[in-house]
Amino acid sequence: MVGLVVFLTACKTTKLVPEGQYLLVKNKIKSQDESNNLIMDLTSKLDNDQAVYIKHKPNRKILGVFKFHLGLYRFGTSTKNPWKNDSLKWRKYLRRIGEAPVILDTGEVAKSELNLRNYLFSKGFYNSTISHEIKYKRKKATVTYYINPQKAYIINKVSLSADDAEIDKLLNDTMSNSYLQKDQILDVDNVSRERNRLTLVMRNKGYFDFTKDVFDFELDTFRSKNGVNVNISVANKSDDERFQKKTINKINIVFQNDEETHDSQGVTLYNGLDFYFNGYPVKPYILSQKIQVRPGDVFSQDELENTNNRLSELPIFKFIDITYKNDTQDSLNSMVMNILLKTGFRQAFIFEPQGLVSQLNRIQAANTSNSYGLAANIGWSHKNLFHNAEQLDITSTTRFETQLIILNGVPQQSKQQSINAMLSIPRSAFLKPLEKWKGVNSIKTNLSLSFLYEWNPDYTRRILPLTYQYQIRAKQTDWYFNLVELSYSQNKLRIPLDGRKDSALIQRLFSNNLVTSTGLSFKFNNQNTAKGKSFFIIRTNVLELGGNIHRLLRDIKSSEKKRDTSYQFLGVNYFQYAKSEIDARCSTVLDGNSSTCFRMNIGLAYPYGNQKILSFDKLFFIGGSNSLRGWRPRTVGPGTYNDSNTNFRINRAGDIIIQGNAEYRVDLIEKVLQGALFFDAGNVWLARGGSTIDAKKVFKPKNFYNDLAINTGVGFRFDFQFFLFRLDWGWQMHNPELELNKRWVIKDFARNQYFSKYSVLNFGIGYPF
């Protein structure tokens with residue numbers, strides 16, 4: 001990709017600029033008063049967000065240097081014929097996906113000056129002036145905007161007066177929470193926030209008719225120099241009518257779905273609520289839990305939003321509409337609350353064929369090539385199966401993968417079959433008190449039972465997991481409390497272990513075992529609510545404890561009270577361990593063309609008690625298309641361990657993982673092709689040492705950074721709308737397996753054998769993180 005970018009941007013793009021005109025190459029924002037820290041901070045913010053205020057922007061750049069899209073356009077206008085056939089068609093396509101040169105327009109510069117002046121005015125700098133300077137060099141132009149905000153207007157006093165004495169007292173009692181405070185710079189955004197805050201205060205106190213337009217903000221700047229008095233006035237509803245609190249006298253819940261229900265005016269009374277189910281079979285107490293409002297309650301905007309959010313968590317609804325109207329049969333101060341619930345189809349079937357590009361889940365390192373295959377997902381779901389608004393999902397996945405090679409006459413293939421049943425119930429008797437908390441949108445009980453069969457040339461596995469989980473959903477965070485997680489694994493190795501020092505370890509890892517655990521985890525995602533350019537996704541396994549139930553039962557049963565030396569429970573191995581892990585990601589939009597994404601993943605799994613090792617499923621592995629892209633999966637670590645004679649990858653696992661990833665993403669062809677530059681670093685280690693453990697595998701806090709595997713690379717993402725295909729070419733920089741003075745293999749980048757020894761081409765579906 002780098003060579004292509006350099007080639008396209010090396011073209012002399014100024015040839016596209018007509019005589020007497022100039023190519024806009026850069027906008028700058030500077031301050032005329034560099035001694036004022038406040039003004040310099042404001043200037044810096046404007047410069048960082050200049051695309052918001054300066055619409056006359058130069059052509060897009062990659063990494064702030066390469067004008068890739070302008071180069072495409074330039075190449076598409078060339079009179080040369082790089083293709084002997086259909087050259088005109090290709091040139092039209094390049095011009096379409098490229099970007100025409102941005103010619104300097106002084107009229108657009110004047111509009112940008114006005115936008116900057118308006119922004120400064122909104123931030124309290126009322127007497128600001130803006131000027132600009134244009135520097136010409138050959139056929140290129142750079143525009144510098146000079147801002148002179150002068151002094152900002154400071155709030156001297158904030159006063160609020162309402163014609164209604166009760167409203168006047170109510171609002172003035174909340175002014176300590178105002179967004180407008182004395183001695184602050186007057187910011188128009190804060191005026192808007194304060195208007196919204198005051199409106200919400202009134203609507204939460206029952207004043208349903210209150211709107212933002214009721215408030216009149218007067219900004220008085222005549223009484224003092226560079227000072228402003230903020231006077232907020234609240235008039236009555238009209239000359240002869242005051243605002244009144246509204247009480248909800250009746251609540252109607254009406255179901256509507258032309259496909260599955262029929263019109264019926266029959267009413268079901270439950271907990272003071274009037275239900276018109278119209279034939280839809282759901283129990284009223286489920287909805288009663290979600291609707292916190294009751295007849296006789298004063299109207300509250302917060303309760304309106306909470307009711308809507310809680311009902312939205314139920315899977316049976318596709319549309320919710322809550323309206324109010326005056327109750328003509330009662331006083332003018334009472335209302336009827338109407339909740340219209342439109343339901344969708346209760347049953348759904350899915351069939352999803354898939355193409356696969358991955359690595360076989362092998363424990364040998366004999367072959368780490370990509371595998372290719374097909375998969376099919378078949379699913380059935382039913383919403384409201386037992387009339388409790390629950391959802392039952394049953395899915396079956398069949399996978400077949402193969403590598404394009406044959407080893408010792410044996411095709412390198414893998415088969416996998418899984419069946420999963422999950423029942424999600426929208427309530428929890430155990431956590432019922434939490435449902436009344438304001439920040440809790442819903443609480444679900446999730447029950448899942450699965451079966452997995454996996455076959456590949458190394459082993460056969462049969463796994464039967466069972467999970468009993470509580471899910472607590474808040475605004476941006478989902479908490480998961482796994483009360484019981486049980487997994488029985490039956491394994492069979494098909495590879496010889498004769499003469500291996502670690503044969504006992506491998507046999508123990510792949511023996512039949514039973515893992516039970518209890519854990520707490522959460523997921524935070526503010527992607528849809530983040531106000532800035534960045535958003536975060538954080539997945540955390542706060543704490544997972546396993547094997548303690550086995551230990552308790554064994555202690556009760558055993559009269560000898562033996563020390564732990566790898567005991568079994570009911571003839572099956574069991575593991576005691578504690579595990580915690582965090583995976584945090586931050587994505588930042590740089591401009592309309594590019595973005596960055598950073599990831600940090602840290603985890604610790606500590607075995608104790610019955611066995612000093614973890615089960616295969618609880619170990620950490622690193623490397624591959626979603627991790628260190630300069631290595632194949634499970635070919636790094638633990639630590640600086642390197643055994644050139646071994647044919648196994650199972651001993652590449654660890655109890656500790658530390659990895660970080662950074663990626664710069666840029667649109668090359670909008671909605672079709674995206675390029676990426678990335679940097680990955682990390683490793684896994686063992687948490688315990690010992691006489692039988694190689695010291696190179698053990699984590700050493702003081703110099704663990706010397707053990708990090710580091711790579712860089714480039715990639716392409718092909719967006720086919722229904723899935724994203726990814727191609728990443730990773731180049732090793734620091735290889736911890738080598739001797740200390742030979743680990744920086746990037747020094748051999750220009751040598752012939754570098755790419756064959758220290759680079760990997762990875763394929764993937766979707767983004768790596």
# chains A, B, ... in the order shown; residues from 1 in each chain; ligands from 1
>>> residues_around(residues="stretch 720-723 of chain A", least_positions_apart="4", cutoff="9 Å", atoms="only C-alpha atoms", output="ChimeraX atom specification")
/A:671-672,765-766
>>> select_by_dssp(residues="stretch 55-160 of chain A", states="helix (DSSP H, G or I)", output="PDB file with C-alpha atoms, in the first residue's frame")
ATOM      1  CA  PHE A  68      -3.983   9.733  -2.113  1.00  0.00           C
ATOM      2  CA  HIS A  69      -7.427  10.672  -3.444  1.00  0.00           C
ATOM      3  CA  LEU A  70      -6.119  13.672  -5.344  1.00  0.00           C
ATOM      4  CA  GLY A  71      -3.485  11.367  -6.846  1.00  0.00           C
ATOM      5  CA  LEU A  72      -6.214   8.972  -8.008  1.00  0.00           C
ATOM      6  CA  TYR A  73      -8.054  11.839  -9.661  1.00  0.00           C
ATOM      7  CA  ARG A  74      -4.851  13.073 -11.288  1.00  0.00           C
ATOM      8  CA  PHE A  75      -4.101   9.585 -12.587  1.00  0.00           C
ATOM      9  CA  GLY A  76      -7.634   9.364 -13.966  1.00  0.00           C
ATOM     10  CA  SER A  87      -8.815   3.189 -20.745  1.00  0.00           C
ATOM     11  CA  LEU A  88     -11.567   5.796 -20.818  1.00  0.00           C
ATOM     12  CA  LYS A  89     -13.754   3.690 -18.524  1.00  0.00           C
ATOM     13  CA  TRP A  90     -10.901   3.243 -16.055  1.00  0.00           C
ATOM     14  CA  ARG A  91     -10.094   6.941 -16.041  1.00  0.00           C
ATOM     15  CA  LYS A  92     -13.729   7.812 -15.343  1.00  0.00           C
ATOM     16  CA  TYR A  93     -13.764   5.335 -12.458  1.00  0.00           C
ATOM     17  CA  LEU A  94     -10.566   6.777 -10.967  1.00  0.00           C
ATOM     18  CA  ARG A  95     -11.992  10.292 -11.176  1.00  0.00           C
ATOM     19  CA  ARG A  96     -15.182   9.108  -9.485  1.00  0.00           C
ATOM     20  CA  ILE A  97     -13.444   7.472  -6.522  1.00  0.00           C
ATOM     21  CA  THR A 106     -11.670  33.898  -1.525  1.00  0.00           C
ATOM     22  CA  GLY A 107     -15.462  33.896  -1.163  1.00  0.00           C
ATOM     23  CA  GLU A 108     -15.234  30.622   0.782  1.00  0.00           C
ATOM     24  CA  VAL A 109     -12.444  32.112   2.887  1.00  0.00           C
ATOM     25  CA  ALA A 110     -14.772  34.977   3.847  1.00  0.00           C
ATOM     26  CA  LYS A 111     -17.475  32.459   4.868  1.00  0.00           C
ATOM     27  CA  SER A 112     -14.944  30.653   7.051  1.00  0.00           C
ATOM     28  CA  GLU A 113     -14.051  33.945   8.739  1.00  0.00           C
ATOM     29  CA  LEU A 114     -17.730  34.452   9.544  1.00  0.00           C
ATOM     30  CA  ASN A 115     -18.034  30.944  10.974  1.00  0.00           C
ATOM     31  CA  LEU A 116     -15.036  31.555  13.216  1.00  0.00           C
ATOM     32  CA  ARG A 117     -16.429  34.879  14.370  1.00  0.00           C
ATOM     33  CA  ASN A 118     -19.792  33.300  15.185  1.00  0.00           C
ATOM     34  CA  TYR A 119     -18.082  30.568  17.164  1.00  0.00           C
ATOM     35  CA  LEU A 120     -16.117  33.102  19.225  1.00  0.00           C
ATOM     36  CA  PHE A 121     -19.311  35.078  19.822  1.00  0.00           C
ATOM     37  CA  SER A 122     -21.032  31.927  21.129  1.00  0.00           C
TER      38      SER A 122
END
>>> atom_distance(atom1="atom CA of A:Asp707", atom2="atom CA of A:Arg634")
15.6 Å
>>> residues_around(residues="A:Tyr136", least_positions_apart="6", cutoff="12 Å", atoms="only C-alpha atoms", output="list in words")
Gly20, Gln21, Tyr22, Leu23, Leu24, Val25, Lys26, Leu104, Thr142, Val143 and Thr144 of chain A
>>> write_last_selection(atoms="C-alpha atoms", output="PDB file, in the first residue's frame")
ATOM      1  CA  GLY A  20      -4.152  32.067 -12.592  1.00  0.00           C
ATOM      2  CA  GLN A  21      -5.622  29.852  -9.874  1.00  0.00           C
ATOM      3  CA  TYR A  22      -4.120  28.094  -6.870  1.00  0.00           C
ATOM      4  CA  LEU A  23      -4.436  24.735  -5.127  1.00  0.00           C
ATOM      5  CA  LEU A  24      -5.484  25.125  -1.492  1.00  0.00           C
ATOM      6  CA  VAL A  25      -2.936  23.044   0.441  1.00  0.00           C
ATOM      7  CA  LYS A  26      -3.381  24.085   4.078  1.00  0.00           C
ATOM      8  CA  LEU A 104      -8.626  28.548  -3.580  1.00  0.00           C
ATOM      9  CA  THR A 142      -1.874  28.442   2.288  1.00  0.00           C
ATOM     10  CA  VAL A 143      -4.516  30.380   4.240  1.00  0.00           C
ATOM     11  CA  THR A 144      -3.790  31.531   7.783  1.00  0.00           C
TER      12      THR A 144
END
>>> atom_distance(atom1="atom CA of A:Gly355", atom2="atom CA of A:Ile405")
18.8 Å
>>> residues_around(residues="A:Gln659", least_positions_apart="5", cutoff="9 Å", atoms="only C-alpha atoms", output="ChimeraX atom specification")
/A:599-602,622,627-628,680-684,708
>>> write_last_selection(atoms="N, CA, C and O atoms", output="tab-separated table (two decimals), in the first residue's frame")
chain	number	residue	atom	x	y	z
A	599	ARG	N	-6.12	-0.59	21.52
A	599	ARG	CA	-6.63	-1.67	22.35
A	599	ARG	C	-5.57	-2.07	23.38
A	599	ARG	O	-4.38	-2.10	23.07
A	600	MET	N	-6.04	-2.35	24.60
A	600	MET	CA	-5.17	-2.89	25.64
A	600	MET	C	-5.88	-4.08	26.27
A	600	MET	O	-7.04	-4.00	26.67
A	601	ASN	N	-5.16	-5.21	26.34
A	601	ASN	CA	-5.72	-6.45	26.87
A	601	ASN	C	-4.75	-7.00	27.92
A	601	ASN	O	-3.60	-7.31	27.62
A	602	ILE	N	-5.24	-7.10	29.16
A	602	ILE	CA	-4.43	-7.61	30.27
A	602	ILE	C	-5.25	-8.66	31.00
A	602	ILE	O	-6.44	-8.44	31.29
A	622	ILE	N	-1.71	-16.21	22.28
A	622	ILE	CA	-1.50	-14.94	21.59
A	622	ILE	C	-0.95	-15.21	20.19
A	622	ILE	O	-0.42	-16.28	19.90
A	627	SER	N	-4.65	-10.51	16.96
A	627	SER	CA	-3.73	-10.30	18.07
A	627	SER	C	-2.41	-9.75	17.55
A	627	SER	O	-2.35	-8.62	17.05
A	628	LEU	N	-1.34	-10.55	17.63
A	628	LEU	CA	-0.05	-10.17	17.05
A	628	LEU	C	-0.03	-10.65	15.60
A	628	LEU	O	0.13	-11.84	15.33
A	680	ASP	N	1.46	-3.87	16.82
A	680	ASP	CA	1.01	-4.80	17.85
A	680	ASP	C	2.19	-5.15	18.76
A	680	ASP	O	3.34	-5.25	18.31
A	681	ALA	N	1.90	-5.38	20.03
A	681	ALA	CA	2.94	-5.81	20.97
A	681	ALA	C	2.28	-6.65	22.06
A	681	ALA	O	1.15	-6.38	22.48
A	682	GLY	N	2.98	-7.69	22.54
A	682	GLY	CA	2.42	-8.49	23.62
A	682	GLY	C	3.12	-9.81	23.79
A	682	GLY	O	4.03	-10.18	23.04
A	683	ASN	N	2.65	-10.57	24.79
A	683	ASN	CA	3.16	-11.91	25.04
A	683	ASN	C	2.29	-12.55	26.12
A	683	ASN	O	1.43	-11.89	26.72
A	684	VAL	N	2.54	-13.83	26.37
A	684	VAL	CA	1.93	-14.54	27.49
A	684	VAL	C	3.05	-15.11	28.35
A	684	VAL	O	4.17	-15.34	27.87
A	708	LEU	N	8.48	-8.77	25.19
A	708	LEU	CA	7.37	-8.45	24.30
A	708	LEU	C	7.70	-8.78	22.85
A	708	LEU	O	8.78	-8.44	22.35
>>> residues_around(residues="stretch 177-190 of chain A", least_positions_apart="4", cutoff="6 Å", atoms="only C-alpha atoms", output="number ranges by chain")
A: 122-124, 153-157, 194
>>> select_by_dssp(residues="stretch 29-201 of chain A", states="strand (DSSP E)", output="ChimeraX atom specification")
/A:29-31,129-137,140-148,154-162
>>> residues_around(residues="A:Leu727", least_positions_apart="2", cutoff="9 Å", atoms="only C-alpha atoms", output="ChimeraX atom specification")
/A:625,714-718,725,729,761-765
>>> closest_residue(among="A:Gly609, A:Asp591, A:Leu740, A:Ala584", to="A:Asn661", atoms="only C-alpha atoms")
A:Ala584
>>> residues_around(residues="A:Leu447", least_positions_apart="3", cutoff="8 Å", atoms="only C-alpha atoms", output="ChimeraX atom specification")
/A:422-424,466-469
>>> write_last_selection(atoms="N, CA and C atoms", output="PDB file, in the first residue's frame")
ATOM      1  N   MET A 422     -30.655 -21.168  24.345  1.00  0.00           N
ATOM      2  CA  MET A 422     -30.581 -20.108  25.353  1.00  0.00           C
ATOM      3  C   MET A 422     -31.973 -19.550  25.593  1.00  0.00           C
ATOM      4  N   LEU A 423     -32.346 -19.489  26.858  1.00  0.00           N
ATOM      5  CA  LEU A 423     -33.633 -18.933  27.268  1.00  0.00           C
ATOM      6  C   LEU A 423     -33.363 -17.677  28.081  1.00  0.00           C
ATOM      7  N   SER A 424     -33.909 -16.544  27.629  1.00  0.00           N
ATOM      8  CA  SER A 424     -33.727 -15.257  28.310  1.00  0.00           C
ATOM      9  C   SER A 424     -35.068 -14.829  28.898  1.00  0.00           C
ATOM     10  N   LEU A 466     -22.982 -25.497  30.578  1.00  0.00           N
ATOM     11  CA  LEU A 466     -24.266 -25.052  31.119  1.00  0.00           C
ATOM     12  C   LEU A 466     -24.024 -23.777  31.912  1.00  0.00           C
ATOM     13  N   THR A 467     -24.853 -22.760  31.683  1.00  0.00           N
ATOM     14  CA  THR A 467     -24.675 -21.474  32.358  1.00  0.00           C
ATOM     15  C   THR A 467     -26.005 -20.968  32.913  1.00  0.00           C
ATOM     16  N   TYR A 468     -25.957 -20.500  34.161  1.00  0.00           N
ATOM     17  CA  TYR A 468     -27.097 -19.833  34.800  1.00  0.00           C
ATOM     18  C   TYR A 468     -26.617 -18.429  35.136  1.00  0.00           C
ATOM     19  N   GLN A 469     -27.176 -17.418  34.459  1.00  0.00           N
ATOM     20  CA  GLN A 469     -26.614 -16.067  34.495  1.00  0.00           C
ATOM     21  C   GLN A 469     -27.691 -15.024  34.715  1.00  0.00           C
TER      22      GLN A 469
END
>>> atom_distance(atom1="atom CA of A:Phe345", atom2="atom CA of A:Tyr280")
11.1 Å
>>> closest_residue(among="A:Ser233, A:Ser288, A:Gln413, A:Ser450", to="A:Ser396", atoms="only C-alpha atoms")
A:Ser450
>>> closest_residue(among="A:Gly519, A:Gly98, A:Pro295, A:Gly344", to="A:Asn257", atoms="only C-alpha atoms")
A:Gly344
>>> closest_atom_pairs(of="stretch 475-495 of chain A", to="stretch 520-531 of chain A", cutoff="7 Å", atoms="only C-alpha atoms", output="tab-separated table")
residue	atom	partner	partner_atom	distance
A:Gln476	CA	A:Asn525	CA	5.5
A:Thr477	CA	A:Phe524	CA	4.4
A:Asp478	CA	A:Lys523	CA	5.2
A:Trp479	CA	A:Phe522	CA	4.3
A:Tyr480	CA	A:Ser521	CA	5.2
A:Phe481	CA	A:Leu520	CA	4.6
A:Asn482	CA	A:Leu520	CA	6.2
>>> closest_residue(among="A:Glu303, A:Glu737, A:Glu581, A:Asp47", to="A:Ile538", atoms="only C-alpha atoms")
A:Glu581
